file input26.txt (compact mmCIF, C-alpha atoms)
# COMPACT_ATOMS: atom_id res chain seq x y z
CA MET A 145 80.18 94.13 120.17
CA GLU A 146 76.64 94.68 121.46
CA GLU A 147 78.07 96.18 124.66
CA ILE A 148 80.25 98.61 122.70
CA ILE A 149 77.37 99.59 120.41
CA ILE A 150 75.01 100.20 123.33
CA LYS A 151 77.65 102.36 125.04
CA GLN A 152 78.12 104.34 121.83
CA LEU A 153 74.38 104.86 121.28
CA SER A 154 73.87 105.75 124.94
CA LYS A 155 76.46 108.55 124.61
CA GLU A 156 78.86 106.79 126.97
CA ARG A 157 82.56 107.36 126.45
CA LEU A 158 84.39 104.61 124.55
CA SER A 159 88.00 103.68 125.19
CA GLY A 160 90.51 103.94 122.36
CA GLU A 161 90.46 100.17 121.92
CA GLU A 162 86.65 100.11 121.83
CA LYS A 163 86.59 102.86 119.19
CA GLU A 164 89.03 100.93 116.98
CA THR A 165 87.00 97.73 117.44
CA LEU A 166 83.77 99.52 116.45
CA GLU A 167 85.38 101.17 113.40
CA ARG A 168 86.78 97.84 112.17
CA TRP A 169 83.39 96.16 112.69
CA LEU A 170 81.59 98.92 110.77
CA ASP A 171 83.83 98.33 107.74
CA ASP A 172 81.40 95.54 106.83
CA PRO A 173 78.24 96.96 105.13
CA ASN A 174 76.12 94.23 106.76
CA ASN A 175 77.28 95.37 110.17
CA VAL A 176 76.34 98.96 109.31
CA LYS A 177 72.76 97.76 108.76
CA ILE A 178 72.76 96.02 112.14
CA TYR A 179 74.13 99.18 113.78
CA ASN A 180 71.41 101.33 112.21
CA GLN A 181 68.69 98.91 113.29
CA MET A 182 69.96 99.03 116.88
CA LYS A 183 70.13 102.81 116.67
CA LEU A 184 66.46 102.96 115.61
CA SER A 185 65.42 100.57 118.38
CA ILE A 186 67.33 102.34 121.14
CA ASN A 187 67.18 106.02 120.21
CA GLY A 188 64.17 106.13 117.90
CA PRO A 189 64.22 107.67 114.39
CA THR A 190 65.62 111.17 113.79
CA GLN A 191 64.60 113.52 110.99
CA GLU A 192 67.74 112.46 109.12
CA ASP A 193 66.68 108.82 109.45
CA PHE A 194 63.27 109.64 107.94
CA GLU A 195 64.83 111.53 105.03
CA GLU A 196 67.40 108.79 104.39
CA MET A 197 64.76 106.04 104.40
CA MET A 198 62.47 108.09 102.14
CA GLY A 199 65.35 108.57 99.73
CA GLU A 200 66.23 104.87 99.73
CA VAL A 201 62.62 103.78 99.17
CA TRP A 202 62.05 106.39 96.47
CA ASN A 203 65.27 105.38 94.69
CA ASP A 204 64.05 101.79 94.70
CA LEU A 205 60.62 102.75 93.38
CA SER A 206 61.53 105.42 90.83
CA PRO A 207 63.12 103.09 88.20
CA HIS A 208 59.88 101.09 88.12
CA VAL A 209 57.72 104.21 87.93
CA TYR A 210 59.74 105.91 85.20
CA GLN A 211 61.07 102.93 83.26
CA LYS A 212 58.49 103.74 80.54
CA ASN A 213 59.00 107.49 80.66
CA LYS A 214 58.67 107.76 76.89
CA LEU A 215 54.95 107.24 77.26
CA SER A 216 53.20 110.56 77.71
CA ARG A 217 50.71 109.11 80.17
CA VAL A 218 53.59 108.22 82.48
CA ARG A 219 55.47 111.45 81.93
CA HIS A 220 52.53 113.64 82.87
CA PHE A 221 51.26 112.38 86.19
CA PRO A 222 48.69 114.81 87.59
CA ASP A 223 50.07 116.85 90.52
CA TRP A 224 47.39 115.50 92.86
CA LEU A 225 48.50 111.93 92.09
CA LYS A 226 52.16 112.73 92.84
CA ILE A 227 51.17 114.33 96.13
CA ALA A 228 48.95 111.38 97.06
CA ALA A 229 51.74 108.92 96.28
CA THR A 230 54.19 110.90 98.40
CA VAL A 231 51.74 111.09 101.31
CA LEU A 232 51.18 107.33 101.15
CA LEU A 233 54.92 106.70 101.01
CA VAL A 234 55.66 108.95 103.98
CA SER A 235 52.73 107.49 105.93
CA PHE A 236 53.97 103.97 105.29
CA ILE A 237 57.51 104.79 106.42
CA GLY A 238 56.23 106.67 109.45
CA ALA A 239 53.92 103.85 110.51
CA PHE A 240 56.65 101.27 110.01
CA VAL A 241 59.29 103.17 111.96
CA TYR A 242 56.84 104.11 114.72
CA PHE A 243 55.83 100.49 115.16
CA GLN A 244 59.45 99.28 115.12
CA SER A 245 60.83 101.93 117.46
CA THR A 246 57.85 102.35 119.82
CA ASN A 247 55.30 99.54 119.95
CA ALA A 248 57.68 96.65 119.26
CA PHE A 249 60.38 97.98 121.53
CA LYS A 250 57.97 98.58 124.40
CA GLU A 251 56.55 95.10 124.00
CA VAL A 252 60.01 93.55 124.22
CA ALA A 253 61.04 95.80 127.10
CA THR A 254 58.01 94.87 129.20
CA ASP A 255 58.52 91.19 128.48
CA ARG A 256 62.25 91.26 129.27
CA LEU A 257 64.92 91.85 126.66
CA VAL A 258 66.57 88.65 125.42
CA ILE A 259 70.33 88.47 125.02
CA GLU A 260 72.07 85.98 122.77
CA LYS A 261 75.78 85.28 123.23
CA GLU A 262 77.46 83.28 120.48
CA SER A 263 81.04 82.04 120.19
CA LEU A 264 82.09 81.38 116.62
CA LEU A 265 84.24 78.44 115.56
CA GLY A 266 87.75 78.99 116.84
CA GLN A 267 86.49 81.32 119.58
CA LYS A 268 85.66 81.02 123.29
CA LEU A 269 83.76 83.56 125.40
CA THR A 270 83.65 84.26 129.14
CA PHE A 271 80.93 86.50 130.58
CA LEU A 272 78.61 87.06 133.55
CA LEU A 273 74.87 86.45 133.64
CA PRO A 274 72.46 88.97 135.24
CA ASP A 275 72.63 87.15 138.60
CA GLY A 276 76.44 87.21 138.70
CA SER A 277 76.88 83.58 137.57
CA SER A 278 79.89 83.00 135.33
CA VAL A 279 79.77 81.28 131.93
CA LYS A 280 82.54 80.02 129.66
CA LEU A 281 81.15 79.36 126.19
CA ASN A 282 83.04 76.89 124.02
CA ALA A 283 83.59 77.30 120.27
CA GLY A 284 80.53 77.06 118.02
CA SER A 285 78.12 77.56 120.93
CA LYS A 286 75.24 79.86 121.79
CA LEU A 287 73.58 80.87 125.07
CA ILE A 288 70.21 82.68 125.16
CA PHE A 289 69.05 84.37 128.37
CA PRO A 290 66.95 87.35 129.53
CA GLU A 291 68.51 90.69 130.36
CA GLN A 292 67.09 90.25 133.86
CA PHE A 293 65.96 87.01 135.52
CA ASP A 294 62.49 87.02 137.06
CA ALA A 295 61.75 86.80 140.77
CA ASN A 296 61.12 83.04 140.86
CA SER A 297 63.65 81.40 138.55
CA ARG A 298 66.74 81.78 136.41
CA GLU A 299 66.40 80.11 133.02
CA VAL A 300 68.72 79.98 129.97
CA ARG A 301 68.91 77.99 126.73
CA LEU A 302 72.16 76.39 125.51
CA ILE A 303 73.15 75.20 122.05
CA GLY A 304 76.68 73.81 122.13
CA GLU A 305 78.96 73.58 125.18
CA ALA A 306 79.44 75.77 128.24
CA PHE A 307 80.93 75.65 131.72
CA PHE A 308 78.74 77.29 134.37
CA ASP A 309 79.76 78.56 137.80
CA VAL A 310 76.32 79.37 139.21
CA LYS A 311 75.88 81.87 142.02
CA LYS A 312 73.92 80.30 144.88
CA ASP A 313 70.33 81.47 145.28
CA SER A 314 68.07 79.10 147.23
CA GLN A 315 64.96 81.08 146.24
CA ARG A 316 65.58 80.89 142.48
CA PRO A 317 66.73 77.60 140.91
CA PHE A 318 68.98 77.90 137.86
CA ARG A 319 67.73 75.96 134.81
CA ILE A 320 69.40 75.19 131.49
CA ASN A 321 67.32 73.98 128.56
CA THR A 322 69.04 71.96 125.80
CA GLN A 323 67.87 69.80 122.92
CA ASP A 324 68.02 66.58 124.98
CA PHE A 325 67.59 67.48 128.63
CA ASN A 326 66.87 70.07 131.32
CA VAL A 327 69.49 70.85 133.97
CA GLU A 328 68.57 72.36 137.35
CA VAL A 329 70.86 73.61 140.15
CA LEU A 330 70.83 76.05 143.06
CA GLY A 331 74.51 76.95 143.09
CA THR A 332 77.36 74.87 141.69
CA SER A 333 79.91 74.53 138.86
CA PHE A 334 79.43 72.08 136.02
CA ASN A 335 79.86 71.51 132.28
CA VAL A 336 77.03 71.04 129.75
CA LYS A 337 77.65 69.76 126.23
CA ALA A 338 74.72 69.82 123.80
CA TYR A 339 75.85 70.30 120.21
CA PRO A 340 73.25 69.48 117.52
CA ASN A 341 73.58 65.97 116.02
CA ASP A 342 76.07 64.89 118.68
CA ALA A 343 76.12 63.14 122.05
CA SER A 344 75.08 65.34 124.99
CA SER A 345 76.47 65.31 128.51
CA VAL A 346 76.43 67.02 131.91
CA ALA A 347 79.45 66.76 134.23
CA VAL A 348 79.67 68.21 137.74
CA LYS A 349 82.75 69.89 139.21
CA THR A 350 81.28 71.13 142.52
CA GLY A 351 77.90 70.85 144.22
CA LYS A 352 74.91 68.83 142.97
CA VAL A 353 73.09 68.92 139.64
CA SER A 354 69.72 67.49 138.60
CA VAL A 355 69.38 66.31 134.99
CA GLU A 356 66.06 65.35 133.37
CA LEU A 357 66.19 63.57 130.00
CA PHE A 358 63.45 64.33 127.48
CA SER A 359 63.61 60.89 125.86
CA ASP A 360 62.05 59.01 128.80
CA ASP A 361 61.65 61.59 131.59
CA THR A 362 64.45 59.92 133.53
CA ARG A 363 65.98 62.13 136.23
CA PHE A 364 69.57 61.86 137.49
CA LEU A 365 71.16 63.53 140.52
CA LEU A 366 74.88 64.10 139.95
CA ASP A 367 77.61 64.64 142.56
CA PRO A 368 81.10 66.10 141.95
CA ASN A 369 83.12 64.28 139.26
CA GLU A 370 80.03 62.44 138.01
CA ILE A 371 78.76 62.64 134.44
CA VAL A 372 75.64 61.58 132.55
CA SER A 373 75.82 61.28 128.77
CA TYR A 374 73.14 60.67 126.18
CA THR A 375 73.66 59.47 122.60
CA PRO A 376 70.44 60.09 120.60
CA SER A 377 71.47 57.96 117.61
CA ALA A 378 71.78 54.88 119.83
CA ASP A 379 69.26 56.05 122.44
CA LYS A 380 71.95 55.26 125.01
CA VAL A 381 72.23 56.82 128.48
CA GLU A 382 75.24 56.40 130.76
CA LYS A 383 76.07 57.70 134.23
CA TYR A 384 79.56 57.18 135.65
CA THR A 385 82.38 58.74 137.69
CA LEU A 386 85.13 60.59 135.81
CA GLU A 387 88.60 59.11 136.19
CA ASP A 388 90.26 62.15 134.62
CA VAL A 389 88.12 65.26 135.18
CA GLN A 390 90.29 67.33 132.81
CA LEU A 391 88.93 65.31 129.88
CA ILE A 392 85.72 67.25 130.40
CA PHE A 393 86.84 70.48 132.08
CA GLY A 394 90.24 70.89 130.42
CA TRP A 395 88.95 73.11 127.58
CA THR A 396 88.10 75.84 130.11
CA ASP A 397 91.86 76.06 130.88
CA LYS A 398 92.76 75.93 127.15
CA GLN A 399 93.85 72.31 127.46
CA LEU A 400 93.24 70.01 124.51
CA ILE A 401 93.03 66.43 125.82
CA TYR A 402 92.35 63.11 124.10
CA ASN A 403 92.03 59.67 125.62
CA ASN A 404 91.80 56.76 123.17
CA SER A 405 90.18 59.01 120.56
CA ASN A 406 90.08 58.18 116.84
CA ILE A 407 91.07 60.56 114.06
CA GLU A 408 87.47 61.26 113.04
CA HIS A 409 86.57 62.50 116.53
CA ILE A 410 89.80 64.50 116.82
CA LEU A 411 89.43 66.33 113.49
CA LYS A 412 85.82 67.19 114.30
CA ASP A 413 86.97 68.64 117.62
CA LEU A 414 89.87 70.57 116.04
CA SER A 415 87.51 72.06 113.46
CA LYS A 416 85.53 73.73 116.28
CA TRP A 417 88.56 74.54 118.44
CA TYR A 418 90.53 76.37 115.72
CA GLY A 419 87.72 77.33 113.34
CA VAL A 420 89.21 75.44 110.39
CA GLU A 421 87.88 73.14 107.67
CA PHE A 422 89.57 69.83 106.87
CA GLU A 423 89.98 68.53 103.33
CA ILE A 424 91.05 64.87 103.45
CA LYS A 425 92.67 63.50 100.30
CA ARG A 426 93.67 60.08 101.59
CA THR A 427 92.23 57.23 103.65
CA LEU A 428 92.87 57.47 107.38
CA ASN A 429 92.80 54.59 109.85
CA LYS A 430 89.65 55.39 111.86
CA SER A 431 90.04 52.32 114.06
CA LYS A 432 93.35 53.56 115.45
CA THR A 433 93.06 55.58 118.67
CA ILE A 434 95.54 57.87 120.37
CA SER A 435 95.86 59.80 123.63
CA GLY A 436 97.45 63.20 124.10
CA ARG A 437 97.47 66.36 126.20
CA TYR A 438 98.28 69.86 124.92
CA ASP A 439 98.39 73.18 126.80
CA ASN A 440 96.99 76.00 124.63
CA PRO A 441 98.70 74.57 121.52
CA PRO A 442 98.99 76.22 118.10
CA LEU A 443 97.26 74.27 115.34
CA ILE A 444 100.50 73.32 113.59
CA GLU A 445 101.79 71.63 116.77
CA VAL A 446 98.72 69.39 117.02
CA MET A 447 98.78 68.61 113.28
CA GLU A 448 102.46 67.64 113.39
CA SER A 449 101.71 65.23 116.24
CA LEU A 450 98.76 63.71 114.35
CA SER A 451 100.69 63.46 111.08
CA PHE A 452 103.36 61.40 112.85
CA ALA A 453 100.78 59.12 114.50
CA TYR A 454 98.68 58.58 111.36
CA ASP A 455 101.46 58.87 108.76
CA PHE A 456 100.22 61.72 106.57
CA GLU A 457 101.41 65.08 105.27
CA PHE A 458 99.39 68.26 105.59
CA VAL A 459 99.20 71.87 104.41
CA ILE A 460 97.54 74.74 106.30
CA GLU A 461 95.97 77.35 103.99
CA LYS A 462 94.28 80.13 105.98
CA ASN A 463 91.16 78.44 107.44
CA LYS A 464 91.65 75.12 105.66
CA VAL A 465 93.84 72.12 106.50
CA ILE A 466 94.57 69.75 103.59
CA ILE A 467 95.58 66.21 104.59
CA LYS A 468 97.58 64.61 101.75
call {"tool": "encode", "arguments": {"input": "input26.txt", "output": "C-alpha cells"}}
result
Amino acid sequence: MEEIIIKQLSKERLSGEEKETLERWLDDPNNVKIYNQMKLSINGPTQEDFEEMMGEVWNDLSPHVYQKNKLSRVRHFPDWLKIAATVLLVSFIGAFVYFQSTNAFKEVATDRLVIEKESLLGQKLTFLLPDGSSVKLNAGSKLIFPEQFDANSREVRLIGEAFFDVKKDSQRPFRINTQDFNVEVLGTSFNVKAYPNDASSVAVKTGKVSVELFSDDTRFLLDPNEIVSYTPSADKVEKYTLEDVQLIFGWTDKQLIYNNSNIEHILKDLSKWYGVEFEIKRTLNKSKTISGRYDNPPLIEVMESLSFAYDFEFVIEKNKVIIK
C-alpha cells in the first residue's frame, strides 16, 4: 500500500488495479488518517489543509468555550480576546505543521528513511531490498530496513520468519538483528526464524552464514543444509545437519510440512499460516505426533486430515475454527 500511496502523492499514474486497491483501502476512516499524514509529510500542507485543521480544532474547542453561553461574561468576549485566541490557534497549528512537514521530515531524510514491511497472519510477502536482495516474509512477521543501505554495511531487523536470498557484496556484509542472535553473510540464501516467545533458528540453503548468539556470545559458522536453533525457555542451543531441508524451506514454496509434530505445535502453526483463531472445546492428545506434507492446501483439507488423526469434529466460522 505504501508504494501505491507514494505513487499517488507523487502524481505518478496508477493502474486500474492500483486505483481500486487504494479506493478500497480508503474506505476505512483510520486509513484515511494515515493517508493524510503521509500527504502532509511528502507534499507539505496546502491552504486547504490549514483551513481543514483549523476547522477541526475549533470544532473541538468551541463546545468547551460556549458550553456556558448563558453567562453574559462568556457571551460577550471582547473582540481583542477573540482575535488573540485565533492568532494563538493559527500560530499553534502553523508551528505544528511546519515542524512535522519540514524539520521532522528533513531530519528523517538526512538520517535515512526507515521502511517497515509487515505480513499479517494468513499472509506472506515477497519483495526486494535496496541492494537487490530478495526477501520472503512469512505470516505474522516484520522486517525493518533503511530506504538505502550505507556505504559500509547492510543491516535489517527481523521479527518473525523470513527467507533471504542475499545479493553478493564483498565490501558490505549483510546483517540481520533478531531478539536472540545476529546473523552475518556476504551473499547467500538462508532462513531465519525469530518469533517472540518461541524457539529461534537459522538454516542455510546456499553459501555460508555466521550466527552470533546473545545469550553467551557463542558464534557458529553454518554451511548448506546446516541449522542452529536456540530455545530461550530451556537455554538450549543445537547445531545439526537437516535430513529434510523442506521442513525448514518448504513454506517458501507454499508447502505445509510436519514431521512428528504434536497437535499443539500444528494448531499454533496453522493459526499463523491461515490467520485463524482456534477455539478448543475438548481435550486433545498432545503426546500423539503425526507427519504430513501438503502443497498449498486449503484450511478445510488440513483440518479434515487432523480431525481423522485426532478424532474430533470441527466447524469453520470466518476466521475461527471450533474444535468440538
call {"tool": "closest_residue", "arguments": {"input": "input26.txt", "among": "A:Asn440, A:Ser333, A:Thr396, A:Thr322", "to": "Leu357 of chain A", "atoms": "all atoms listed in the file"}}
result
A:Thr322
call {"tool": "residues_near_point", "arguments": {"input": "input26.txt", "point": "(91.6, 73.6, 109.6)", "cutoff": "9 Å", "atoms": "only C-alpha atoms", "output": "list of chain:residue names"}}
result
A:Leu411, A:Leu414, A:Ser415, A:Tyr418, A:Gly419, A:Val420, A:Glu421, A:Phe422, A:Glu423, A:Leu443, A:Ile460, A:Glu461, A:Lys462, A:Asn463, A:Lys464, A:Val465, A:Ile466
call {"tool": "atom_distance", "arguments": {"input": "input26.txt", "atom1": "atom CA of Glu291 of chain A", "atom2": "atom CA of Pro274 of chain A"}}
result
6.5 Å
call {"tool": "closest_residue", "arguments": {"input": "input26.txt", "among": "A:Val381, A:Val310, A:Ala453, A:Ile410", "to": "Gly351 of chain A", "atoms": "all atoms listed in the file"}}
result
A:Val310
call {"tool": "closest_residue", "arguments": {"input": "input26.txt", "among": "A:Val279, A:Leu273, A:Val348, A:Leu265", "to": "Lys412 of chain A", "atoms": "all atoms listed in the file"}}
result
A:Leu265
call {"tool": "residues_around", "arguments": {"input": "input26.txt", "residues": "Gln267 of chain A", "least_positions_apart": "4", "cutoff": "9 Å", "atoms": "only C-alpha atoms", "output": "list in words"}}
result
Ser263, Leu281, Asn282, Ala283, Gly284, Lys416, Trp417, Tyr418 and Gly419 of chain A
call {"tool": "residues_around", "arguments": {"input": "input26.txt", "residues": "Lys352 of chain A", "least_positions_apart": "2", "cutoff": "8 Å", "atoms": "all atoms listed in the file", "output": "list in words"}}
result
Val329, Thr332, Val348, Thr350, Ser354, Leu365, Leu366, Asp367 and Pro368 of chain A
call {"tool": "residues_near_point", "arguments": {"input": "input26.txt", "point": "(96.1, 70.2, 127.4)", "cutoff": "10 Å", "atoms": "only C-alpha atoms", "output": "ChimeraX atom specification"}}
result
/A:390-391,394-395,397-402,436-441
call {"tool": "atom_distance", "arguments": {"input": "input26.txt", "atom1": "atom CA of Glu356 of chain A", "atom2": "atom CA of Asp275 of chain A"}}
result
23.4 Å
call {"tool": "residues_around", "arguments": {"input": "input26.txt", "residues": "Phe325 of chain A", "least_positions_apart": "2", "cutoff": "10 Å", "atoms": "only C-alpha atoms", "output": "number ranges by chain"}}
result
A: 320-323, 327, 338, 344-346, 355-359, 361-363, 374
call {"tool": "atom_distance", "arguments": {"input": "input26.txt", "atom1": "atom CA of Phe452 of chain A", "atom2": "atom CA of Leu386 of chain A"}}
result
29.3 Å
call {"tool": "residues_around", "arguments": {"input": "input26.txt", "residues": "Lys430 of chain A", "least_positions_apart": "3", "cutoff": "10 Å", "atoms": "all atoms listed in the file", "output": "list in words"}}
result
Ser405, Asn406, Ile407, Glu408, His409, Thr427, Thr433 and Tyr454 of chain A
call {"tool": "closest_residue", "arguments": {"input": "input26.txt", "among": "A:Ser154, A:Ser314, A:Asn326, A:Gln292", "to": "Met182 of chain A", "atoms": "only C-alpha atoms"}}
result
A:Ser154
call {"tool": "closest_residue", "arguments": {"input": "input26.txt", "among": "A:Lys383, A:Arg298, A:Lys468, A:Lys337", "to": "Lys425 of chain A", "atoms": "only C-alpha atoms"}}
result
A:Lys468
